[in-house]
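K.L.:
Next comes the structure file query_0.cif, holding mmCIF, C-alpha atoms and all ligand atoms.
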data_coords
loop_
_atom_site.group_PDB
_atom_site.id
_atom_site.type_symbol
_atom_site.label_atom_id
_atom_site.label_comp_id
_atom_site.auth_asym_id
_atom_site.auth_seq_id
_atom_site.Cartn_x
_atom_site.Cartn_y
_atom_site.Cartn_z
ATOM 1 C CA MET A 1445 -56.740 9.402 -82.848
ATOM 2 C CA THR A 1446 -60.105 7.628 -82.786
ATOM 3 C CA LEU A 1447 -60.895 4.521 -80.787
ATOM 4 C CA ALA A 1448 -60.852 2.496 -84.000
ATOM 5 C CA ASP A 1449 -57.413 3.855 -84.985
ATOM 6 C CA LEU A 1450 -55.998 3.200 -81.524
ATOM 7 C CA THR A 1451 -57.315 -0.333 -81.617
ATOM 8 C CA THR A 1452 -55.902 -1.024 -85.072
ATOM 9 C CA ARG A 1453 -52.478 0.413 -84.325
ATOM 10 C CA PHE A 1454 -51.858 -0.359 -80.670
ATOM 11 C CA ALA A 1455 -54.209 -2.995 -79.176
ATOM 12 C CA LEU A 1456 -52.460 -6.217 -78.080
ATOM 13 C CA ASP A 1457 -54.447 -9.398 -78.395
ATOM 14 C CA GLY A 1458 -55.589 -10.685 -75.034
ATOM 15 C CA GLN A 1459 -53.794 -8.034 -72.943
ATOM 16 C CA LEU A 1460 -54.403 -4.435 -74.041
ATOM 17 C CA ARG A 1461 -57.540 -2.871 -75.430
ATOM 18 C CA PHE A 1462 -58.906 0.634 -75.792
ATOM 19 C CA VAL A 1463 -62.370 1.635 -74.620
ATOM 20 C CA GLU A 1464 -64.490 4.731 -74.295
ATOM 21 C CA GLY A 1465 -65.140 5.216 -70.584
ATOM 22 C CA PRO A 1466 -67.091 7.623 -68.382
ATOM 23 C CA GLY A 1467 -67.296 11.217 -69.616
ATOM 24 C CA GLY A 1468 -66.502 10.018 -73.145
ATOM 25 C CA LEU A 1469 -62.811 9.736 -72.182
ATOM 26 C CA LEU A 1470 -60.605 7.117 -73.836
ATOM 27 C CA PHE A 1471 -58.885 4.491 -71.702
ATOM 28 C CA ALA A 1472 -56.285 1.783 -72.243
ATOM 29 C CA GLU A 1473 -57.188 -1.341 -70.300
ATOM 30 C CA ILE A 1474 -54.412 -3.800 -69.561
ATOM 31 C CA ASP A 1475 -54.997 -7.288 -68.240
ATOM 32 C CA ASN A 1476 -52.165 -9.835 -68.303
ATOM 33 C CA HIS A 1477 -51.223 -12.875 -66.166
ATOM 34 C CA LEU A 1478 -49.464 -10.661 -63.619
ATOM 35 C CA GLY A 1479 -51.664 -7.630 -63.135
ATOM 36 C CA THR A 1480 -54.410 -5.340 -64.366
ATOM 37 C CA ALA A 1481 -54.406 -1.585 -64.876
ATOM 38 C CA SER A 1482 -56.284 1.128 -66.674
ATOM 39 C CA LEU A 1483 -54.995 4.422 -67.975
ATOM 40 C CA CYS A 1484 -56.962 7.450 -69.138
ATOM 41 C CA LEU A 1485 -55.458 9.023 -72.263
ATOM 42 C CA GLN A 1486 -56.423 12.425 -70.905
ATOM 43 C CA GLY A 1487 -53.526 13.099 -68.562
ATOM 44 C CA ALA A 1488 -51.812 9.727 -69.259
ATOM 45 C CA HIS A 1489 -53.424 9.058 -65.905
ATOM 46 C CA VAL A 1490 -53.146 5.526 -64.503
ATOM 47 C CA THR A 1491 -56.493 5.148 -62.737
ATOM 48 C CA THR A 1492 -56.283 1.557 -61.459
ATOM 49 C CA PHE A 1493 -53.607 -1.056 -60.752
ATOM 50 C CA ARG A 1494 -53.894 -4.447 -59.085
ATOM 51 C CA PRO A 1495 -51.290 -7.194 -59.124
ATOM 52 C CA LYS A 1496 -53.069 -10.535 -59.654
ATOM 53 C CA ASP A 1497 -51.859 -11.851 -56.282
ATOM 54 C CA GLN A 1498 -53.625 -8.989 -54.423
ATOM 55 C CA ASP A 1499 -57.329 -8.998 -53.564
ATOM 56 C CA GLU A 1500 -57.345 -5.215 -53.182
ATOM 57 C CA PRO A 1501 -56.043 -2.685 -55.701
ATOM 58 C CA VAL A 1502 -52.683 -1.072 -54.935
ATOM 59 C CA ILE A 1503 -53.817 2.227 -56.445
ATOM 60 C CA TRP A 1504 -56.911 3.950 -55.067
ATOM 61 C CA LEU A 1505 -59.528 5.588 -57.248
ATOM 62 C CA SER A 1506 -62.345 7.552 -55.633
ATOM 63 C CA GLU A 1507 -65.781 5.997 -56.130
ATOM 64 C CA HIS A 1508 -66.867 9.614 -56.644
ATOM 65 C CA ALA A 1509 -64.151 10.576 -59.131
ATOM 66 C CA LYS A 1510 -65.432 12.882 -61.862
ATOM 67 C CA PHE A 1511 -64.508 12.034 -65.420
ATOM 68 C CA ALA A 1512 -64.823 15.005 -67.758
ATOM 69 C CA PRO A 1513 -62.791 16.675 -70.487
ATOM 70 C CA ALA A 1514 -60.060 18.951 -69.071
ATOM 71 C CA LYS A 1515 -60.817 18.016 -65.431
ATOM 72 C CA SER A 1516 -58.444 16.177 -63.131
ATOM 73 C CA ILE A 1517 -59.456 12.781 -61.756
ATOM 74 C CA ARG A 1518 -59.491 12.120 -57.981
ATOM 75 C CA GLY A 1519 -57.298 9.091 -57.410
ATOM 76 C CA GLY A 1520 -54.961 7.027 -59.539
ATOM 77 C CA ALA A 1521 -51.587 8.482 -60.435
ATOM 78 C CA PRO A 1522 -52.012 12.066 -61.685
ATOM 79 C CA ILE A 1523 -48.970 13.534 -63.440
ATOM 80 C CA CYS A 1524 -48.025 16.953 -62.073
ATOM 81 C CA TRP A 1525 -45.881 18.696 -64.705
ATOM 82 C CA PRO A 1526 -44.168 21.113 -65.523
ATOM 83 C CA TRP A 1527 -44.706 22.610 -62.084
ATOM 84 C CA PHE A 1528 -45.800 21.214 -58.744
ATOM 85 C CA GLY A 1529 -48.390 23.071 -56.626
ATOM 86 C CA PRO A 1530 -49.296 26.611 -57.643
ATOM 87 C CA HIS A 1531 -47.421 28.217 -60.556
ATOM 88 C CA ALA A 1532 -44.581 30.404 -59.262
ATOM 89 C CA THR A 1533 -45.879 33.652 -60.798
ATOM 90 C CA GLU A 1534 -49.186 33.097 -62.629
ATOM 91 C CA SER A 1535 -52.030 32.421 -60.209
ATOM 92 C CA SER A 1536 -54.466 31.773 -63.086
ATOM 93 C CA PHE A 1537 -52.445 28.775 -64.304
ATOM 94 C CA PRO A 1538 -53.671 25.373 -63.068
ATOM 95 C CA GLY A 1539 -52.299 23.947 -59.820
ATOM 96 C CA HIS A 1540 -49.846 21.067 -60.434
ATOM 97 C CA GLY A 1541 -49.441 22.043 -64.105
ATOM 98 C CA PHE A 1542 -51.468 21.113 -67.171
ATOM 99 C CA ALA A 1543 -50.152 17.620 -67.965
ATOM 100 C CA ARG A 1544 -52.887 15.833 -66.007
ATOM 101 C CA THR A 1545 -55.761 17.518 -67.875
ATOM 102 C CA VAL A 1546 -54.613 17.551 -71.513
ATOM 103 C CA MET A 1547 -54.538 14.796 -74.124
ATOM 104 C CA TRP A 1548 -51.601 12.452 -74.522
ATOM 105 C CA GLU A 1549 -51.079 10.253 -77.557
ATOM 106 C CA VAL A 1550 -50.105 6.615 -77.539
ATOM 107 C CA THR A 1551 -46.768 6.129 -79.309
ATOM 108 C CA ASP A 1552 -46.038 2.443 -78.691
ATOM 109 C CA THR A 1553 -47.305 -0.707 -76.996
ATOM 110 C CA ALA A 1554 -45.560 -4.037 -76.432
ATOM 111 C CA ALA A 1555 -46.188 -7.468 -74.940
ATOM 112 C CA LEU A 1556 -42.942 -8.247 -73.100
ATOM 113 C CA GLU A 1557 -41.367 -11.693 -72.731
ATOM 114 C CA SER A 1558 -41.652 -11.302 -68.963
ATOM 115 C CA GLY A 1559 -45.452 -11.389 -69.334
ATOM 116 C CA GLU A 1560 -45.695 -7.657 -68.591
ATOM 117 C CA THR A 1561 -47.343 -5.128 -70.884
ATOM 118 C CA ARG A 1562 -45.784 -1.816 -71.855
ATOM 119 C CA LEU A 1563 -47.497 1.354 -73.058
ATOM 120 C CA ALA A 1564 -45.758 4.585 -74.093
ATOM 121 C CA LEU A 1565 -47.381 8.009 -74.481
ATOM 122 C CA SER A 1566 -46.398 11.595 -75.258
ATOM 123 C CA LEU A 1567 -48.125 14.799 -74.235
ATOM 124 C CA VAL A 1568 -49.843 16.534 -77.144
ATOM 125 C CA GLU A 1569 -48.917 20.216 -77.256
ATOM 126 C CA SER A 1570 -51.545 22.833 -78.054
ATOM 127 C CA GLU A 1571 -51.918 26.610 -78.033
ATOM 128 C CA GLN A 1572 -52.994 26.326 -74.398
ATOM 129 C CA THR A 1573 -49.933 24.329 -73.296
ATOM 130 C CA ARG A 1574 -47.576 26.606 -75.259
ATOM 131 C CA ALA A 1575 -49.173 29.698 -73.661
ATOM 132 C CA GLN A 1576 -48.461 28.277 -70.202
ATOM 133 C CA TRP A 1577 -45.132 26.673 -71.037
ATOM 134 C CA PRO A 1578 -43.103 28.480 -73.697
ATOM 135 C CA CYS A 1579 -40.125 26.064 -73.445
ATOM 136 C CA ALA A 1580 -39.590 23.773 -76.444
ATOM 137 C CA SER A 1581 -39.838 20.364 -74.818
ATOM 138 C CA ARG A 1582 -41.110 16.825 -75.108
ATOM 139 C CA VAL A 1583 -42.616 14.903 -72.202
ATOM 140 C CA SER A 1584 -43.406 11.233 -72.370
ATOM 141 C CA LEU A 1585 -44.514 8.443 -70.069
ATOM 142 C CA GLU A 1586 -43.709 4.754 -70.258
ATOM 143 C CA VAL A 1587 -45.904 2.456 -68.171
ATOM 144 C CA THR A 1588 -45.128 -1.218 -67.564
ATOM 145 C CA VAL A 1589 -47.815 -3.352 -65.951
ATOM 146 C CA GLY A 1590 -47.069 -6.668 -64.268
ATOM 147 C CA ALA A 1591 -46.900 -7.687 -60.612
ATOM 148 C CA THR A 1592 -45.055 -4.356 -60.302
ATOM 149 C CA LEU A 1593 -46.214 -1.097 -61.863
ATOM 150 C CA THR A 1594 -43.328 0.887 -63.329
ATOM 151 C CA MET A 1595 -43.730 4.411 -64.665
ATOM 152 C CA THR A 1596 -40.994 6.521 -66.250
ATOM 153 C CA LEU A 1597 -41.666 10.197 -66.914
ATOM 154 C CA SER A 1598 -39.120 11.698 -69.336
ATOM 155 C CA SER A 1599 -38.685 15.414 -69.959
ATOM 156 C CA THR A 1600 -36.508 16.506 -72.883
ATOM 157 C CA ASN A 1601 -35.332 20.061 -73.391
ATOM 158 C CA LEU A 1602 -35.597 20.827 -77.132
ATOM 159 C CA GLY A 1603 -34.669 24.491 -76.662
ATOM 160 C CA SER A 1604 -31.383 26.328 -76.350
ATOM 161 C CA THR A 1605 -31.549 27.484 -72.703
ATOM 162 C CA PRO A 1606 -31.874 25.439 -69.483
ATOM 163 C CA MET A 1607 -35.432 24.396 -68.595
ATOM 164 C CA GLN A 1608 -36.641 24.267 -64.956
ATOM 165 C CA ILE A 1609 -39.295 21.687 -64.156
ATOM 166 C CA GLY A 1610 -41.260 20.729 -61.072
ATOM 167 C CA GLU A 1611 -43.011 17.375 -61.247
ATOM 168 C CA ALA A 1612 -44.706 14.591 -59.327
ATOM 169 C CA LEU A 1613 -46.394 11.268 -59.770
ATOM 170 C CA HIS A 1614 -49.123 12.218 -57.312
ATOM 171 C CA THR A 1615 -50.153 8.618 -56.632
ATOM 172 C CA TYR A 1616 -53.072 7.649 -54.367
ATOM 173 C CA PHE A 1617 -52.432 4.263 -52.718
ATOM 174 C CA GLN A 1618 -55.210 2.026 -51.433
ATOM 175 C CA ILE A 1619 -54.964 1.258 -47.716
ATOM 176 C CA GLY A 1620 -57.135 -0.408 -45.049
ATOM 177 C CA ASP A 1621 -57.496 2.742 -42.928
ATOM 178 C CA ILE A 1622 -55.455 5.952 -42.774
ATOM 179 C CA ALA A 1623 -55.240 5.711 -38.976
ATOM 180 C CA ALA A 1624 -53.738 2.210 -39.166
ATOM 181 C CA ILE A 1625 -50.776 2.725 -41.496
ATOM 182 C CA ARG A 1626 -47.208 3.941 -41.123
ATOM 183 C CA VAL A 1627 -44.924 5.298 -43.812
ATOM 184 C CA LEU A 1628 -41.264 4.331 -43.430
ATOM 185 C CA GLY A 1629 -38.218 5.617 -45.277
ATOM 186 C CA LEU A 1630 -38.308 9.330 -44.520
ATOM 187 C CA GLU A 1631 -36.585 9.226 -41.118
ATOM 188 C CA GLY A 1632 -34.054 12.036 -40.788
ATOM 189 C CA SER A 1633 -35.339 14.022 -43.809
ATOM 190 C CA GLU A 1634 -36.142 17.717 -43.726
ATOM 191 C CA TYR A 1635 -39.693 18.578 -44.796
ATOM 192 C CA VAL A 1636 -41.837 21.589 -45.571
ATOM 193 C CA ASP A 1637 -45.069 21.370 -43.586
ATOM 194 C CA LYS A 1638 -47.766 22.932 -45.794
ATOM 195 C CA VAL A 1639 -50.453 22.474 -43.128
ATOM 196 C CA GLU A 1640 -48.400 24.734 -40.848
ATOM 197 C CA GLY A 1641 -47.786 27.434 -43.456
ATOM 198 C CA GLY A 1642 -44.538 26.078 -44.885
ATOM 199 C CA VAL A 1643 -42.474 25.771 -41.723
ATOM 200 C CA ARG A 1644 -39.467 23.440 -42.104
ATOM 201 C CA LYS A 1645 -39.099 20.461 -39.775
ATOM 202 C CA SER A 1646 -37.112 17.260 -39.523
ATOM 203 C CA GLU A 1647 -38.689 13.801 -39.575
ATOM 204 C CA THR A 1648 -37.848 11.757 -36.549
ATOM 205 C CA GLY A 1649 -39.423 8.367 -37.222
ATOM 206 C CA ALA A 1650 -42.132 6.481 -39.061
ATOM 207 C CA VAL A 1651 -44.985 8.752 -40.163
ATOM 208 C CA THR A 1652 -48.454 8.003 -38.756
ATOM 209 C CA PHE A 1653 -51.653 9.911 -39.485
ATOM 210 C CA ALA A 1654 -54.200 11.423 -37.101
ATOM 211 C CA ASP A 1655 -55.105 14.637 -38.964
ATOM 212 C CA GLU A 1656 -54.477 16.422 -42.271
ATOM 213 C CA VAL A 1657 -50.893 15.921 -43.510
ATOM 214 C CA ASP A 1658 -49.413 17.811 -46.470
ATOM 215 C CA ARG A 1659 -45.614 17.669 -46.510
ATOM 216 C CA VAL A 1660 -42.845 17.960 -49.058
ATOM 217 C CA TYR A 1661 -39.808 15.964 -47.911
ATOM 218 C CA LEU A 1662 -36.652 17.327 -49.509
ATOM 219 C CA ASN A 1663 -33.399 15.767 -50.697
ATOM 220 C CA THR A 1664 -34.638 12.220 -50.267
ATOM 221 C CA GLU A 1665 -34.285 9.498 -52.849
ATOM 222 C CA ALA A 1666 -35.182 6.743 -50.396
ATOM 223 C CA THR A 1667 -37.614 3.926 -51.072
ATOM 224 C CA CYS A 1668 -40.765 4.400 -48.970
ATOM 225 C CA ARG A 1669 -42.840 1.614 -47.454
ATOM 226 C CA ILE A 1670 -46.507 1.924 -46.533
ATOM 227 C CA GLU A 1671 -47.084 -0.628 -43.766
ATOM 228 C CA ASP A 1672 -50.747 -1.515 -43.607
ATOM 229 C CA SER A 1673 -51.764 -3.675 -40.644
ATOM 230 C CA ARG A 1674 -55.444 -3.776 -41.733
ATOM 231 C CA LEU A 1675 -54.708 -5.216 -45.170
ATOM 232 C CA GLY A 1676 -51.702 -7.178 -43.884
ATOM 233 C CA ARG A 1677 -49.454 -5.814 -46.589
ATOM 234 C CA ARG A 1678 -46.699 -3.377 -47.335
ATOM 235 C CA ILE A 1679 -46.686 -1.216 -50.479
ATOM 236 C CA VAL A 1680 -43.150 -0.485 -51.639
ATOM 237 C CA VAL A 1681 -42.559 2.806 -53.479
ATOM 238 C CA ALA A 1682 -39.112 2.773 -55.095
ATOM 239 C CA LYS A 1683 -37.897 5.619 -57.261
ATOM 240 C CA ARG A 1684 -35.076 7.056 -59.346
ATOM 241 C CA GLY A 1685 -34.537 10.640 -60.533
ATOM 242 C CA SER A 1686 -36.776 11.993 -57.769
ATOM 243 C CA ARG A 1687 -35.355 13.994 -54.860
ATOM 244 C CA SER A 1688 -38.633 14.945 -53.117
ATOM 245 C CA THR A 1689 -41.362 12.805 -51.558
ATOM 246 C CA VAL A 1690 -44.768 14.314 -50.826
ATOM 247 C CA LEU A 1691 -47.129 12.833 -48.238
ATOM 248 C CA TRP A 1692 -50.759 13.879 -48.317
ATOM 249 C CA THR A 1693 -54.005 12.995 -46.599
ATOM 250 C CA PRO A 1694 -56.783 15.594 -46.619
ATOM 251 C CA TRP A 1695 -58.466 14.067 -43.529
ATOM 252 C CA ARG A 1696 -62.208 14.497 -43.079
ATOM 253 C CA ASP A 1697 -62.895 18.268 -43.251
ATOM 254 C CA LYS A 1698 -60.809 19.006 -46.310
ATOM 255 C CA ALA A 1699 -62.051 15.855 -48.092
ATOM 256 C CA ASP A 1700 -65.666 16.890 -47.426
ATOM 257 C CA LYS A 1701 -64.985 20.312 -48.949
ATOM 258 C CA MET A 1702 -63.302 18.819 -52.019
ATOM 259 C CA GLY A 1703 -66.511 16.976 -52.908
ATOM 260 C CA ASP A 1704 -65.121 13.991 -54.810
ATOM 261 C CA PHE A 1705 -64.040 11.700 -51.949
ATOM 262 C CA GLY A 1706 -67.491 10.462 -50.897
ATOM 263 C CA ASP A 1707 -68.307 9.961 -47.210
ATOM 264 C CA ASP A 1708 -65.161 8.230 -46.045
ATOM 265 C CA GLY A 1709 -63.158 7.561 -49.194
ATOM 266 C CA TRP A 1710 -60.343 9.634 -47.690
ATOM 267 C CA ARG A 1711 -59.798 6.941 -45.034
ATOM 268 C CA ARG A 1712 -58.883 4.375 -47.705
ATOM 269 C CA MET A 1713 -56.107 6.368 -49.417
ATOM 270 C CA VAL A 1714 -52.772 7.990 -48.812
ATOM 271 C CA CYS A 1715 -50.686 9.890 -51.356
ATOM 272 C CA VAL A 1716 -46.974 9.052 -51.383
ATOM 273 C CA GLU A 1717 -45.751 11.155 -54.266
ATOM 274 C CA SER A 1718 -42.397 10.807 -55.967
ATOM 275 C CA ALA A 1719 -41.523 14.338 -56.960
ATOM 276 C CA ASN A 1720 -39.023 17.067 -57.701
ATOM 277 C CA ALA A 1721 -40.477 20.107 -55.945
ATOM 278 C CA LEU A 1722 -39.464 23.316 -54.121
ATOM 279 C CA ASP A 1723 -35.663 23.135 -53.524
ATOM 280 C CA ASN A 1724 -35.506 20.089 -55.791
ATOM 281 C CA VAL A 1725 -36.890 21.475 -59.068
ATOM 282 C CA VAL A 1726 -34.813 20.076 -61.907
ATOM 283 C CA SER A 1727 -32.796 22.056 -64.416
ATOM 284 C CA VAL A 1728 -32.609 20.231 -67.754
ATOM 285 C CA ALA A 1729 -29.809 21.427 -70.049
ATOM 286 C CA PRO A 1730 -30.504 21.982 -73.775
ATOM 287 C CA GLY A 1731 -30.667 18.680 -75.622
ATOM 288 C CA GLN A 1732 -30.790 16.671 -72.388
ATOM 289 C CA THR A 1733 -33.500 14.402 -70.974
ATOM 290 C CA HIS A 1734 -34.387 14.075 -67.311
ATOM 291 C CA GLU A 1735 -36.071 10.848 -66.198
ATOM 292 C CA MET A 1736 -38.088 10.208 -63.069
ATOM 293 C CA GLN A 1737 -39.016 6.578 -62.512
ATOM 294 C CA VAL A 1738 -41.187 4.851 -59.904
ATOM 295 C CA GLU A 1739 -41.863 1.189 -59.132
ATOM 296 C CA TYR A 1740 -44.830 0.135 -57.008
ATOM 297 C CA ARG A 1741 -45.357 -3.352 -55.617
ATOM 298 C CA ALA A 1742 -47.143 -4.989 -52.696
ATOM 299 C CA GLU A 1743 -45.841 -7.697 -50.362
ATOM 300 C CA SER A 1744 -47.234 -9.465 -47.314
ATOM 301 C CA LEU A 1745 -46.369 -8.143 -43.866
HETATM 302 O O1 LIG A 1801 -49.643 16.953 -53.115
HETATM 303 C C1 LIG A 1801 -50.477 17.420 -52.117
HETATM 304 C C2 LIG A 1801 -51.365 18.490 -52.694
HETATM 305 O O2 LIG A 1801 -50.600 19.468 -53.328
HETATM 306 C C3 LIG A 1801 -52.246 19.060 -51.594
HETATM 307 O O3 LIG A 1801 -51.881 20.352 -51.201
HETATM 308 C C4 LIG A 1801 -53.630 18.892 -52.102
HETATM 309 O O4 LIG A 1801 -54.508 19.889 -52.098
HETATM 310 C C5 LIG A 1801 -53.507 17.930 -53.213
HETATM 311 O O5 LIG A 1801 -52.217 17.941 -53.688
HETATM 312 C C6 LIG A 1801 -54.573 17.683 -54.219
HETATM 313 O O6 LIG A 1801 -54.556 18.647 -55.197
HETATM 314 P P1 LIG A 1801 -55.626 18.673 -56.345
HETATM 315 O O7 LIG A 1801 -55.243 19.847 -57.194
HETATM 316 O O8 LIG A 1801 -55.526 17.375 -57.091
HETATM 317 O O9 LIG A 1801 -56.969 18.826 -55.696
#
Go ahead and express the file in the form of structure tokens.
Ligand code: TA6

P.N.:
Amino acid sequence: MTLADLTTRFALDGQLRFVEGPGGLLFAEIDNHLGTASLCLQGAHVTTFRPKDQDEPVIWLSEHAKFAPAKSIRGGAPICWPWFGPHATESSFPGHGFARTVMWEVTDTAALESGETRLALSLVESEQTRAQWPCASRVSLEVTVGATLTMTLSSTNLGSTPMQIGEALHTYFQIGDIAAIRVLGLEGSEYVDKVEGGVRKSETGAVTFADEVDRVYLNTEATCRIEDSRLGRRIVVAKRGSRSTVLWTPWRDKADKMGDFGDDGWRRMVCVESANALDNVVSVAPGQTHEMQVEYRAESL
């Protein structure tokens, strides 16, 4: 759909417009009384979100993010689907699945009575997606922007055999400094430590950061809280339909090698990802829909 078509069919006066952004990519820009957000139609990728009562964004986007067709964007809320991490058997398939680098189409928009704005999208299948994912399926995302950002990722099995999916909303949150935050809510959970080659450990308390962290916490549906003493706020990450939580900071060396974090961009972000990964991949029965929903909000400490 062209920019003109999108505008005619789905723009909402005074709160949702469509623009061509960097790299020629199309974006939905939402600005209502409660919050602002932008979403790239490639990947249905929320790139920014700020509640109006916050001076700083809640979602981090790298100042050095690259915007290009078929490339993933560093920051925002990438959608990992239909697998998380490397593909189980095909090493040539993209890490974290293809959903974040292919086109999605807008299917609906609405100005809600609450003052929030809603946008719904569906992944557009192609020969490439079918080659990597032979299951007959439909995946869609509903995004609601207000003081809270709500995202619901729905996966429907249109085939006749069970469908196994791995998934994550791989969200980068904006923080004052990675060394000055703690993540609460994972106490007592078992996790797979990817920095230490996949060894399993148990979380004992609040998580603090002093080096690279890359962990998949299993069998946890708990709300997480990012306590940020520098910004004087707490980001609340609530979820439903997600049994894994992934924590990630690349720290300096890995960020430098990745090339799209800038000099110290990595200090201003932490990923707290609501996921279904490893032991928690989801089996969706024929004709059924699995939903994973997140809600992000910020409150004062
Ligand atoms: O979720 C954490 C992780 O899987 C890390 O291992 C890390 O490399 C990261 O995601 C970023 O992956 P990307 O493919 O976006 O560079």

K.L.:
Given the file above and the PyMOL selection byres (((chain A and resi 1545-1554) around 7) and not hetatm), which residues are selected, and can you give them as a CSV table (one decimal) with C-alpha atoms, in the coordinates of the input?

P.N.:
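result.csv, written as the output of this step:
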chain,number,residue,atom,x,y,z
A,1454,PHE,CA,-51.9,-0.4,-80.7
A,1485,LEU,CA,-55.5,9.0,-72.3
A,1486,GLN,CA,-56.4,12.4,-70.9
A,1487,GLY,CA,-53.5,13.1,-68.6
A,1488,ALA,CA,-51.8,9.7,-69.3
A,1514,ALA,CA,-60.1,19.0,-69.1
A,1515,LYS,CA,-60.8,18.0,-65.4
A,1516,SER,CA,-58.4,16.2,-63.1
A,1542,PHE,CA,-51.5,21.1,-67.2
A,1543,ALA,CA,-50.2,17.6,-68.0
A,1544,ARG,CA,-52.9,15.8,-66.0
A,1555,ALA,CA,-46.2,-7.5,-74.9
A,1556,LEU,CA,-42.9,-8.2,-73.1
A,1561,THR,CA,-47.3,-5.1,-70.9
A,1562,ARG,CA,-45.8,-1.8,-71.9
A,1563,LEU,CA,-47.5,1.4,-73.1
A,1564,ALA,CA,-45.8,4.6,-74.1
A,1565,LEU,CA,-47.4,8.0,-74.5
A,1566,SER,CA,-46.4,11.6,-75.3
A,1567,LEU,CA,-48.1,14.8,-74.2
A,1568,VAL,CA,-49.8,16.5,-77.1

K.L.:
Interatomic distance between CA of Glu1634 (chain A) and CA of Arg1687 (chain A)?

P.N.:
11.8 Å

K.L.:
Let me make sure I understand: among A:Met1713, A:Ile1474, A:Leu1675, A:Met1607, which one has the smallest atom-to-atom distance to Leu1691 (chain A) if we use all atoms listed in the file?

P.N.:
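Of A:Met1713, A:Ile1474, A:Leu1675, A:Met1607, the one nearest Leu1691 (chain A) is A:Met1713, counting all atoms listed in the file.
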
K.L.:
Grab the CA of Val1627 (chain A) to CA of Ile1609 (chain A) distance for me, in Å with one decimal place.

P.N.:
26.7 Å

K.L.:
With all atoms listed in the file as the basis for distance, which of A:Val1725, A:Leu1447, A:Val1636, A:Cys1484 is at the shortest distance from ligand LIG 1801 (chain A)?

P.N.:
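With all atoms listed in the file as the atom set, the closest residue is A:Val1636.
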
K.L.:
Calculated over only C-alpha atoms, which of the candidates A:Arg1461, A:Lys1510, A:Arg1582, A:Arg1711 has the smallest distance to Trp1525 (chain A)?

P.N.:
A:Arg1582

K.L.:
To check your reading of the model: which residues sit at most 7 Å from ligand LIG 1801 (chain A) when counting only C-alpha atoms and all ligand atoms? Write the answer as a PyMOL selection string.

P.N.:
chain A and resi 1516+1518+1529+1539-1540+1614+1658+1690-1692

K.L.:
Using all atoms listed in the file, which of the listed residues (A:Ala1455, A:Ala1448, A:Val1728, A:Ala1624) sits closest to Ser1581 (chain A)?

P.N.:
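Checking each candidate against Ser1581 (chain A), we get A:Val1728 as the closest.
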
K.L.:
Just checking: using only C-alpha atoms, which residue out of A:Ile1619, A:Val1589, A:Ala1512, A:Val1726 ends up closest to Phe1493 (chain A)?

P.N.:
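Between A:Ile1619, A:Val1589, A:Ala1512, A:Val1726, the residue approaching Phe1493 (chain A) most closely is A:Val1589.
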
K.L.:
Could you spell out the hits of the PyMOL selection byres (((chain A and resi 1496-1509) around 8) and not hetatm) on the shown file, as JSON, numbers by chain?

P.N.:
{"A": [1477, 1478, 1479, 1480, 1491, 1492, 1493, 1494, 1495, 1510, 1511, 1517, 1518, 1519, 1520, 1521, 1591, 1615, 1616, 1617, 1618, 1619, 1679, 1704, 1705, 1706, 1709, 1712, 1713, 1741, 1742]}

K.L.:
May I ask which of the residues A:Ile1625, A:Ala1580, A:Ala1729, A:Leu1593 is the closest one to Arg1677 (chain A), counting only C-alpha atoms?

P.N.:
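Closest candidate: A:Ile1625.
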
K.L.:
Considering all atoms listed in the file, return as a ChimeraX atom specification whatever protein or nucleic-acid residues lie within 9 Å of Ala1666 (chain A), sequence-local ones (same chain, fewer than 4 positions apart) excluded.

P.N.:
/A:1629-1630,1681-1684,1687,1689

K.L.:
Those residues you just picked out, can you put them in a file as a PDB file, keeping the file's coordinate frame with C-alpha atoms?

P.N.:
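The result, stored in result_14.pdb:
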ATOM      1  CA  GLY A1629     -38.218   5.617 -45.277  1.00  0.00           C
ATOM      2  CA  LEU A1630     -38.308   9.330 -44.520  1.00  0.00           C
ATOM      3  CA  VAL A1681     -42.559   2.806 -53.479  1.00  0.00           C
ATOM      4  CA  ALA A1682     -39.112   2.773 -55.095  1.00  0.00           C
ATOM      5  CA  LYS A1683     -37.897   5.619 -57.261  1.00  0.00           C
ATOM      6  CA  ARG A1684     -35.076   7.056 -59.346  1.00  0.00           C
ATOM      7  CA  ARG A1687     -35.355  13.994 -54.860  1.00  0.00           C
ATOM      8  CA  THR A1689     -41.362  12.805 -51.558  1.00  0.00           C
TER       9      THR A1689
END

K.L.:
Fewer than 3 positions away in the same chain doesn't count, so skip those; otherwise give me all residues within 9 Å of Gly1685 (chain A), counting all atoms listed in the file, as a PDB file with C-alpha atoms, keeping the file's coordinate frame.

P.N.:
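So around05.pdb came out as:
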ATOM      1  CA  GLU A1665     -34.285   9.498 -52.849  1.00  0.00           C
ATOM      2  CA  ALA A1719     -41.523  14.338 -56.960  1.00  0.00           C
ATOM      3  CA  ASN A1720     -39.023  17.067 -57.701  1.00  0.00           C
ATOM      4  CA  HIS A1734     -34.387  14.075 -67.311  1.00  0.00           C
ATOM      5  CA  GLU A1735     -36.071  10.848 -66.198  1.00  0.00           C
ATOM      6  CA  MET A1736     -38.088  10.208 -63.069  1.00  0.00           C
ATOM      7  CA  GLN A1737     -39.016   6.578 -62.512  1.00  0.00           C
ATOM      8  CA  VAL A1738     -41.187   4.851 -59.904  1.00  0.00           C
TER       9      VAL A1738
END

K.L.:
Got a sec: who's within 12 Å of region 1649-1657 of chain A, counting all atoms listed in the file, leaving out chain neighbours fewer than 2 positions off, as JSON, numbers by chain?

P.N.:
{"A": [1621, 1622, 1623, 1624, 1625, 1626, 1627, 1628, 1629, 1630, 1631, 1632, 1633, 1634, 1635, 1636, 1637, 1638, 1639, 1640, 1641, 1646, 1647, 1659, 1660, 1661, 1668, 1669, 1670, 1671, 1672, 1690, 1691, 1692, 1693, 1694, 1695, 1696, 1697, 1698, 1699, 1710, 1711, 1713, 1714, 1715, 1716]}
